[in-house]
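start.tsv follows; it contains TSV, C-alpha atoms.
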```tsv
chain	number	residue	atom	x	y	z
A	1	TYR	CA	98.98	120.88	81.44
A	2	SER	CA	97.34	119.99	78.16
A	3	GLY	CA	96.59	121.69	74.91
A	4	GLY	CA	97.28	121.97	71.21
A	5	GLY	CA	97.52	124.50	68.45
A	6	ILE	CA	97.73	125.26	64.79
A	7	ASN	CA	99.98	127.53	62.71
A	8	PHE	CA	99.89	128.61	59.08
A	9	ARG	CA	103.04	129.53	57.16
A	10	THR	CA	103.61	131.17	53.80
A	11	ASN	CA	106.95	131.92	52.09
A	12	GLN	CA	106.94	134.62	49.45
A	13	LYS	CA	109.81	136.19	47.53
A	14	LYS	CA	110.36	138.97	50.05
A	15	VAL	CA	108.07	138.09	52.94
A	16	ASN	CA	107.72	135.03	55.19
A	17	ILE	CA	104.68	134.89	57.49
A	18	THR	CA	103.76	132.44	60.24
A	19	ALA	CA	100.60	132.89	62.32
A	20	GLY	CA	98.52	130.75	64.61
A	21	ALA	CA	97.46	130.07	68.18
A	22	GLN	CA	97.74	127.52	70.96
A	23	LEU	CA	94.96	126.41	73.33
A	24	GLN	CA	96.39	125.72	76.78
A	25	SER	CA	94.66	124.20	79.78
A	26	ALA	CA	96.32	124.03	83.21
A	27	GLU	CA	95.05	122.75	86.54
A	28	LEU	CA	96.64	122.90	89.98
A	29	LYS	CA	95.42	120.90	92.97
A	30	GLY	CA	96.59	120.99	96.56
A	31	VAL	CA	95.34	119.54	99.84
A	32	ASN	CA	95.80	121.27	103.20
A	33	ASN	CA	95.67	118.29	105.57
A	34	PHE	CA	95.81	120.42	108.72
A	35	PHE	CA	92.70	122.50	107.86
A	36	HIS	CA	91.11	119.78	105.63
A	37	GLN	CA	91.03	122.33	102.82
A	38	ASN	CA	91.27	121.64	99.09
A	39	ILE	CA	92.92	124.20	96.84
A	40	LYS	CA	92.15	124.06	93.14
A	41	GLN	CA	92.81	126.45	90.28
A	42	SER	CA	92.00	125.90	86.60
A	43	PHE	CA	93.11	128.06	83.68
A	44	THR	CA	92.21	127.85	79.99
A	45	ASP	CA	93.89	130.31	77.63
A	46	VAL	CA	94.31	131.02	73.95
A	47	LEU	CA	97.92	131.94	73.16
A	48	PRO	CA	98.31	133.59	69.73
A	49	ASP	CA	101.67	133.92	67.97
A	50	ALA	CA	102.91	135.45	64.74
A	51	ILE	CA	106.19	135.94	62.85
A	52	LEU	CA	106.75	138.25	59.90
A	53	GLN	CA	110.15	138.44	58.21
A	54	TYR	CA	110.86	140.89	55.40
A	55	ASN	CA	113.92	140.00	53.35
A	56	ILE	CA	115.36	143.27	52.07
A	57	SER	CA	118.27	141.45	50.40
A	58	PRO	CA	120.16	138.15	50.92
A	59	THR	CA	122.18	139.80	53.73
A	60	LYS	CA	119.54	142.19	55.12
A	61	ASN	CA	116.26	141.36	56.83
A	62	LEU	CA	113.73	142.75	59.30
A	63	ARG	CA	111.87	140.35	61.57
A	64	PHE	CA	108.78	140.91	63.77
A	65	GLU	CA	107.63	138.37	66.36
A	66	TYR	CA	104.66	138.27	68.72
A	67	ASN	CA	103.71	135.57	71.19
A	68	ALA	CA	101.61	135.17	74.32
A	69	SER	CA	102.39	133.01	77.34
A	70	THR	CA	101.14	132.41	80.86
A	71	THR	CA	102.66	131.91	84.30
A	72	GLN	CA	100.54	129.90	86.71
A	73	PRO	CA	100.85	130.46	90.46
A	74	SER	CA	102.63	127.67	92.29
A	75	ILE	CA	101.06	125.60	95.05
A	76	ILE	CA	103.26	127.45	97.56
A	77	GLN	CA	101.89	130.80	96.33
A	78	LEU	CA	98.31	129.50	96.60
A	79	GLN	CA	98.63	127.72	99.96
A	80	PRO	CA	97.12	129.88	102.78
A	81	VAL	CA	99.45	128.42	105.41
A	82	ALA	CA	101.91	130.73	107.14
A	83	ASP	CA	105.60	129.88	107.01
A	84	VAL	CA	106.72	130.96	110.50
A	85	SER	CA	110.25	129.59	110.35
A	86	ASP	CA	111.37	133.24	110.62
A	87	PRO	CA	108.95	135.01	113.02
A	88	LEU	CA	110.07	138.44	111.77
A	89	ASN	CA	109.42	137.56	108.11
A	90	ILE	CA	106.31	135.42	107.76
A	91	THR	CA	105.14	134.26	104.30
A	92	ILE	CA	101.62	133.11	103.46
A	93	GLY	CA	100.02	132.16	100.13
A	94	ASN	CA	96.90	133.56	98.48
A	95	PRO	CA	94.36	130.94	97.23
A	96	ASN	CA	92.65	133.58	95.06
A	97	LEU	CA	95.68	134.24	92.85
A	98	LYS	CA	95.06	134.37	89.11
A	99	ARG	CA	97.51	133.28	86.46
A	100	ALA	CA	99.68	135.94	84.80
A	101	TYR	CA	99.20	136.47	81.05
A	102	GLN	CA	102.18	137.88	79.14
A	103	HIS	CA	102.42	139.57	75.74
A	104	ASN	CA	105.85	139.69	74.08
A	105	ILE	CA	106.89	141.64	70.98
A	106	GLN	CA	110.32	141.40	69.36
A	107	VAL	CA	111.84	143.26	66.42
A	108	ASN	CA	115.18	142.21	64.91
A	109	LEU	CA	117.16	144.06	62.26
A	110	PHE	CA	120.11	142.36	60.55
A	111	ALA	CA	122.19	144.03	57.86
A	112	ALA	CA	125.65	142.95	56.72
A	113	ASN	CA	128.06	143.76	53.92
A	114	PRO	CA	130.57	140.87	53.81
A	115	ILE	CA	132.75	142.54	51.19
A	116	ALA	CA	133.08	145.82	53.10
A	117	ARG	CA	133.03	143.92	56.45
A	118	LYS	CA	130.32	146.19	57.81
A	119	ASN	CA	127.37	145.08	59.95
A	120	LEU	CA	124.35	146.59	61.66
A	121	PHE	CA	122.34	144.72	64.31
A	122	GLY	CA	119.22	146.02	66.00
A	123	PHE	CA	117.04	144.36	68.64
A	124	PHE	CA	113.89	145.53	70.43
A	125	ASN	CA	111.85	143.60	73.00
A	126	PHE	CA	108.66	144.60	74.82
A	127	THR	CA	106.96	142.43	77.45
A	128	THR	CA	103.88	143.31	79.45
A	129	SER	CA	101.81	141.26	81.90
A	130	THR	CA	98.14	141.14	82.81
A	131	ASP	CA	97.49	139.98	86.38
A	132	ALA	CA	101.21	139.78	87.10
A	133	ILE	CA	102.00	137.92	90.33
A	134	ILE	CA	103.69	140.36	92.73
A	135	LEU	CA	104.52	140.62	96.43
A	136	SER	CA	102.23	142.20	99.01
A	137	ASP	CA	103.98	143.10	102.27
A	138	THR	CA	102.55	144.19	105.59
A	139	VAL	CA	104.98	145.76	108.04
A	140	LYS	CA	103.99	145.86	111.73
A	141	GLN	CA	104.99	148.50	114.25
A	142	ASN	CA	107.55	146.17	115.83
A	143	GLY	CA	109.29	145.77	112.45
A	144	ALA	CA	108.02	142.26	111.74
A	145	GLY	CA	106.71	141.66	108.25
A	146	ILE	CA	104.11	139.41	106.61
A	147	SER	CA	104.53	138.70	102.88
A	148	SER	CA	101.89	137.34	100.53
A	149	TYR	CA	101.09	137.45	96.82
A	150	THR	CA	98.57	139.32	94.71
A	151	ASN	CA	97.84	140.21	91.08
A	152	ALA	CA	98.44	143.57	89.42
A	153	ASN	CA	98.48	145.17	85.98
A	154	GLY	CA	100.80	147.81	84.56
A	155	VAL	CA	103.98	145.74	84.76
A	156	TYR	CA	106.25	145.86	81.70
A	157	ASN	CA	109.84	145.68	80.47
A	158	ILE	CA	111.39	147.30	77.38
A	159	PHE	CA	114.86	146.48	76.06
A	160	GLY	CA	116.60	147.80	72.96
A	161	ASN	CA	120.06	147.30	71.50
A	162	LEU	CA	121.81	148.72	68.43
A	163	GLU	CA	125.33	147.78	67.25
A	164	TYR	CA	127.34	148.95	64.22
A	165	GLY	CA	130.71	147.61	63.13
A	166	PHE	CA	133.13	148.69	60.43
A	167	PRO	CA	136.82	148.12	59.56
A	168	LEU	CA	139.77	150.52	59.50
A	169	LYS	CA	141.71	148.73	56.78
A	170	LYS	CA	144.76	151.00	56.72
A	171	ILE	CA	145.65	150.15	60.32
A	172	LYS	CA	144.28	146.59	60.28
A	173	SER	CA	141.65	147.44	62.86
A	174	ARG	CA	137.94	147.24	63.46
A	175	ILE	CA	135.49	149.27	65.55
A	176	GLU	CA	132.20	148.10	67.05
A	177	ALA	CA	130.00	150.81	68.57
A	178	GLY	CA	126.54	150.67	70.00
A	179	THR	CA	124.22	151.21	72.89
A	180	SER	CA	121.53	149.41	74.85
A	181	ILE	CA	118.57	150.81	76.76
A	182	THR	CA	116.25	149.25	79.34
A	183	VAL	CA	113.01	150.73	80.69
A	184	SER	CA	110.93	148.75	83.17
A	185	LYS	CA	108.06	149.17	85.58
A	186	ASN	CA	107.32	146.76	88.40
A	187	ALA	CA	105.03	146.92	91.40
A	188	SER	CA	104.51	145.66	94.91
A	189	PHE	CA	102.16	146.46	97.76
A	190	VAL	CA	103.34	147.80	101.11
A	191	ASN	CA	100.64	148.01	103.81
A	192	ALA	CA	97.94	147.81	101.10
A	193	GLU	CA	99.46	150.75	99.15
A	194	ARG	CA	100.87	150.18	95.69
A	195	ASN	CA	104.58	150.90	95.29
A	196	ASN	CA	105.60	151.38	91.64
A	197	THR	CA	109.25	150.83	90.81
A	198	LYS	CA	110.50	152.43	87.60
A	199	ALA	CA	113.99	151.73	86.29
A	200	PHE	CA	115.93	153.22	83.39
A	201	SER	CA	119.32	152.07	82.16
A	202	LEU	CA	121.46	153.32	79.26
A	203	GLY	CA	124.65	151.52	78.25
A	204	PRO	CA	126.79	152.89	75.38
A	205	ASN	CA	129.89	150.95	74.38
A	206	VAL	CA	132.84	151.15	71.98
A	207	ASP	CA	135.18	148.26	71.09
A	208	TYR	CA	138.43	148.65	69.14
A	209	HIS	CA	140.17	145.58	67.70
A	210	PHE	CA	143.64	145.39	66.18
A	211	GLY	CA	145.15	142.15	64.93
A	212	ILE	CA	148.09	140.76	62.98
A	213	ASP	CA	147.92	137.06	62.19
A	214	ASP	CA	150.26	134.97	64.36
A	215	LYS	CA	151.58	138.15	66.03
A	216	ILE	CA	149.07	139.99	68.18
A	217	ASP	CA	145.37	140.42	68.98
A	218	LEU	CA	144.41	143.60	70.84
A	219	ASP	CA	140.95	144.67	72.07
A	220	ILE	CA	140.26	147.97	73.83
A	221	THR	CA	136.76	148.45	75.23
A	222	VAL	CA	134.86	151.29	76.90
A	223	ARG	CA	131.48	150.50	78.44
A	224	LEU	CA	129.25	152.83	80.44
A	225	SER	CA	126.06	152.07	82.36
A	226	VAL	CA	123.81	154.94	83.49
A	227	ASN	CA	121.09	153.78	85.89
A	228	HIS	CA	118.10	155.63	87.36
A	229	THR	CA	115.53	154.01	89.68
A	230	THR	CA	112.51	155.58	91.40
A	231	TYR	CA	109.96	154.28	93.94
A	232	SER	CA	106.50	155.83	94.30
A	233	LEU	CA	106.25	155.11	98.06
A	234	GLN	CA	109.88	154.85	99.17
A	235	GLN	CA	111.23	157.94	97.47
A	236	PHE	CA	114.18	158.03	99.87
A	237	SER	CA	115.37	154.87	98.08
A	238	ASP	CA	115.55	156.56	94.65
A	239	ASN	CA	119.02	156.22	93.20
A	240	ASN	CA	121.14	157.31	90.26
A	241	TYR	CA	124.52	155.81	89.61
A	242	LEU	CA	127.09	155.43	86.86
A	243	GLN	CA	129.33	152.44	86.22
A	244	GLN	CA	132.35	152.76	83.94
A	245	ASN	CA	134.34	149.82	82.61
A	246	TYR	CA	137.60	150.32	80.71
A	247	GLY	CA	139.29	147.19	79.42
A	248	VAL	CA	142.33	146.02	77.50
A	249	ASP	CA	142.59	142.44	76.23
A	250	MET	CA	145.84	141.47	74.50
A	251	THR	CA	147.29	138.19	73.24
A	252	ASN	CA	150.88	137.97	71.97
A	253	TYR	CA	151.93	135.00	69.82
A	254	LEU	CA	155.57	133.97	70.28
A	255	PRO	CA	157.75	131.33	68.56
A	256	TRP	CA	157.42	127.65	69.50
A	257	LYS	CA	153.59	127.99	69.68
A	258	ILE	CA	153.76	129.99	72.89
A	259	SER	CA	151.21	132.75	73.61
A	260	ILE	CA	150.92	135.31	76.40
A	261	HIS	CA	147.50	136.63	77.33
A	262	ASN	CA	146.82	139.76	79.40
A	263	GLU	CA	143.40	141.10	80.38
A	264	PHE	CA	142.99	144.30	82.37
A	265	ASN	CA	139.73	145.93	83.47
A	266	TYR	CA	139.23	149.08	85.51
A	267	ILE	CA	135.71	149.43	86.95
A	268	LEU	CA	134.48	152.67	88.54
A	269	ASN	CA	131.17	153.11	90.39
A	270	THR	CA	129.91	156.60	91.21
A	271	GLY	CA	126.64	157.93	92.60
A	272	ARG	CA	125.97	155.02	94.95
A	273	THR	CA	125.76	155.08	98.73
A	274	ASP	CA	128.90	155.23	100.85
A	275	GLY	CA	130.92	152.07	100.63
A	276	PHE	CA	129.72	151.15	97.13
A	277	ASN	CA	131.50	153.88	95.12
A	278	THR	CA	134.39	151.56	94.39
A	279	LYS	CA	137.30	151.68	91.96
A	280	VAL	CA	138.34	148.15	91.11
A	281	PRO	CA	141.33	147.23	88.91
A	282	LEU	CA	141.38	143.61	87.72
A	283	TRP	CA	144.34	142.05	85.92
A	284	ASN	CA	144.53	138.49	84.65
A	285	ALA	CA	147.56	137.03	82.85
A	286	SER	CA	148.29	133.58	81.46
A	287	LEU	CA	150.94	131.74	79.49
A	288	ALA	CA	150.03	128.93	77.07
A	289	LYS	CA	151.75	126.55	74.70
A	290	SER	CA	150.00	124.70	71.90
A	291	ILE	CA	151.04	121.07	71.41
A	292	LEU	CA	148.73	119.86	68.64
A	293	LYS	CA	148.97	120.59	64.93
```

Show the structure stored in the file as structure tokens.
Amino acid sequence: YSGGGINFRTNQKKVNITAGAQLQSAELKGVNNFFHQNIKQSFTDVLPDAILQYNISPTKNLRFEYNASTTQPSIIQLQPVADVSDPLNITIGNPNLKRAYQHNIQVNLFAANPIARKNLFGFFNFTTSTDAIILSDTVKQNGAGISSYTNANGVYNIFGNLEYGFPLKKIKSRIEAGTSITVSKNASFVNAERNNTKAFSLGPNVDYHFGIDDKIDLDITVRLSVNHTTYSLQQFSDNNYLQQNYGVDMTNYLPWKISIHNEFNYILNTGRTDGFNTKVPLWNASLAKSILK
């Protein structure tokens, strides 16, 4: 690998901007001694990047980031020699693989009110790949499979998260509420046909905290995860399931610097195949004594 780059930065009263680019050169070489074959791949890419931060106030800001990166195929992925250690699952490389080029966009929102003890956090991330390196499988009539690698477009991942926290002063408590969302699309090839995998996940959560100094700390949490996955070729594998997690975390502070900690979680899975719709209670308890000042 070799390369270099340049960035320009300007700081204004409300806006900070950084922008530039990197020039990257990568070369991979391999020698197949059995077939007397040389494998060589060279890549030269321009990788732009930029950051823009808008300072709404000393405790509030909005930040945008963009950057590009690459993933080069490994020698194993390029080497056209079959790995036959498992005759039912043979793997062979593809010497014509291209490098994958990724674009990544991030947006961050931060807002806090220290006096009122309120906060708002927002995060968004989008990543997409050109010539993503994916699997290509061939399944024979006897059930044996041959796996290789190829390039494909249309692969992406989106993630977002939003959290808001505020106090309940009269009862010495605090609530944090929010949700996260994930949307992704991946691909593979099965017997030369493209199989698109689309996944969607939604995860709301609520946390309640109650505390009295040197007496008790209590956290009660509720977290849900709704998941939906579809396959364009293997539609029988489509699934929808819900995971619920209810938790209580409590620490009691006793005289003589002794503390008792209890953590209880109850996890429920529904909508999965038989044997995976489990209900799992987990309880952990500990006793501690502090000996230092």

I'd like to know which of A:Asn55, A:Thr130, A:Asn284, A:Asn89 is closest to Ser148 in chain A, using all atoms listed in the file.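 Checking each candidate against Ser148 in chain A, we get A:Asn89 as the closest.
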
Who sits within 9 Å of Pro80 in chain A, only C-alpha atoms, same chain under 2 positions skipped, as JSON, numbers by chain: {"A": [32, 76, 77, 78, 82, 92, 93, 94, 95]}

Could you dump the residues just selected with C-alpha atoms as a CSV table (one decimal), keeping the file's coordinate frame?
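Wrote it out as selection-v4.csv, contents follow:
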```csv
chain,number,residue,atom,x,y,z
A,32,ASN,CA,95.8,121.3,103.2
A,76,ILE,CA,103.3,127.4,97.6
A,77,GLN,CA,101.9,130.8,96.3
A,78,LEU,CA,98.3,129.5,96.6
A,82,ALA,CA,101.9,130.7,107.1
A,92,ILE,CA,101.6,133.1,103.5
A,93,GLY,CA,100.0,132.2,100.1
A,94,ASN,CA,96.9,133.6,98.5
A,95,PRO,CA,94.4,130.9,97.2
```

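CA of Asn113 in chain A is positioned 7.1 Å from CA of Thr59 in chain A.
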
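Between CA of Gln243 in chain A and CA of Leu202 in chain A there is a distance of 10.5 Å.
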
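Our summary of the geometry notes that CA of Gly5 in chain A is positioned 9.1 Å from CA of Val46 in chain A.
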
Applying 10 Å and all atoms listed in the file, which residues near Arg272 in chain A remain after dropping the ones on its own chain fewer than 3 positions away? List them as a list in words. Asn239, Asn240, Tyr241, Leu242, Gln243, Asn269, Gly275, Phe276, Asn277 and Thr278 of chain A

Take the residues that were just selected and, keeping C-alpha atoms, output them as a PDB file, in the coordinates of the input.
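Now in out_0.pdb:
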```
ATOM      1  CA  ASN A 239     119.020 156.220  93.200  1.00  0.00           C
ATOM      2  CA  ASN A 240     121.140 157.310  90.260  1.00  0.00           C
ATOM      3  CA  TYR A 241     124.520 155.810  89.610  1.00  0.00           C
ATOM      4  CA  LEU A 242     127.090 155.430  86.860  1.00  0.00           C
ATOM      5  CA  GLN A 243     129.330 152.440  86.220  1.00  0.00           C
ATOM      6  CA  ASN A 269     131.170 153.110  90.390  1.00  0.00           C
ATOM      7  CA  GLY A 275     130.920 152.070 100.630  1.00  0.00           C
ATOM      8  CA  PHE A 276     129.720 151.150  97.130  1.00  0.00           C
ATOM      9  CA  ASN A 277     131.500 153.880  95.120  1.00  0.00           C
ATOM     10  CA  THR A 278     134.390 151.560  94.390  1.00  0.00           C
TER      11      THR A 278
END
```

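Every protein, DNA or RNA residue with an atom at most 8 Å from Ala187 in chain A, where all atoms listed in the file count and chain neighbours fewer than 3 positions away do not, is listed here: Ile134, Ala152, Val155, Arg194, Asn195, Asn196 and Thr197 of chain A.
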
Can I get the selected residues back with C-alpha atoms, as a PDB file, in the frame of the given file?
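Generated output (result.pdb):
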```pdb
ATOM      1  CA  ILE A 134     103.690 140.360  92.730  1.00  0.00           C
ATOM      2  CA  ALA A 152      98.440 143.570  89.420  1.00  0.00           C
ATOM      3  CA  VAL A 155     103.980 145.740  84.760  1.00  0.00           C
ATOM      4  CA  ARG A 194     100.870 150.180  95.690  1.00  0.00           C
ATOM      5  CA  ASN A 195     104.580 150.900  95.290  1.00  0.00           C
ATOM      6  CA  ASN A 196     105.600 151.380  91.640  1.00  0.00           C
ATOM      7  CA  THR A 197     109.250 150.830  90.810  1.00  0.00           C
TER       8      THR A 197
END
```

Of the listed residues A:Pro87, A:Gly30, A:Gly203, A:Gly247, that which approaches Ala144 in chain A most closely, counting only C-alpha atoms: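 For Ala144 in chain A, the nearest of the given residues is A:Pro87.
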
Spatial neighbours of Trp283 in chain A, 10 Å, all atoms listed in the file, chain gap at least 4 places, as a list in words: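 These residues fall inside the cut-off: Gly247, Val248, Asp249, Asn262, Glu263, Phe264, Asn265 and Tyr266 of chain A.
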
Axis-aligned box for all listed atoms of range 190-197 of chain A, 4 Å per side, centre and edges in Å to one decimal, as AutoDock Vina command-line options:
```
--center_x 103.6 --center_y 149.6 --center_z 97.3 --size_x 19.3 --size_y 11.6 --size_z 21.0
```

Expected answer as a PyMOL selection string: all residues with atoms within 10 Å of (100.7, 122.1, 106.3), all atoms listed in the file: chain A and resi 31-36+79-83

Give me the residues within 12 Å of Ser225 in chain A as number ranges by chain, counting all atoms listed in the file and dropping any in the same chain fewer than 3 places off. A: 179-182, 200-205, 222, 228, 240-246, 267-271

Measuring atom to atom with only C-alpha atoms, identify which of A:Leu120, A:Ala288, A:Leu168, A:Leu28 is nearest to Thr44 in chain A. A:Leu28
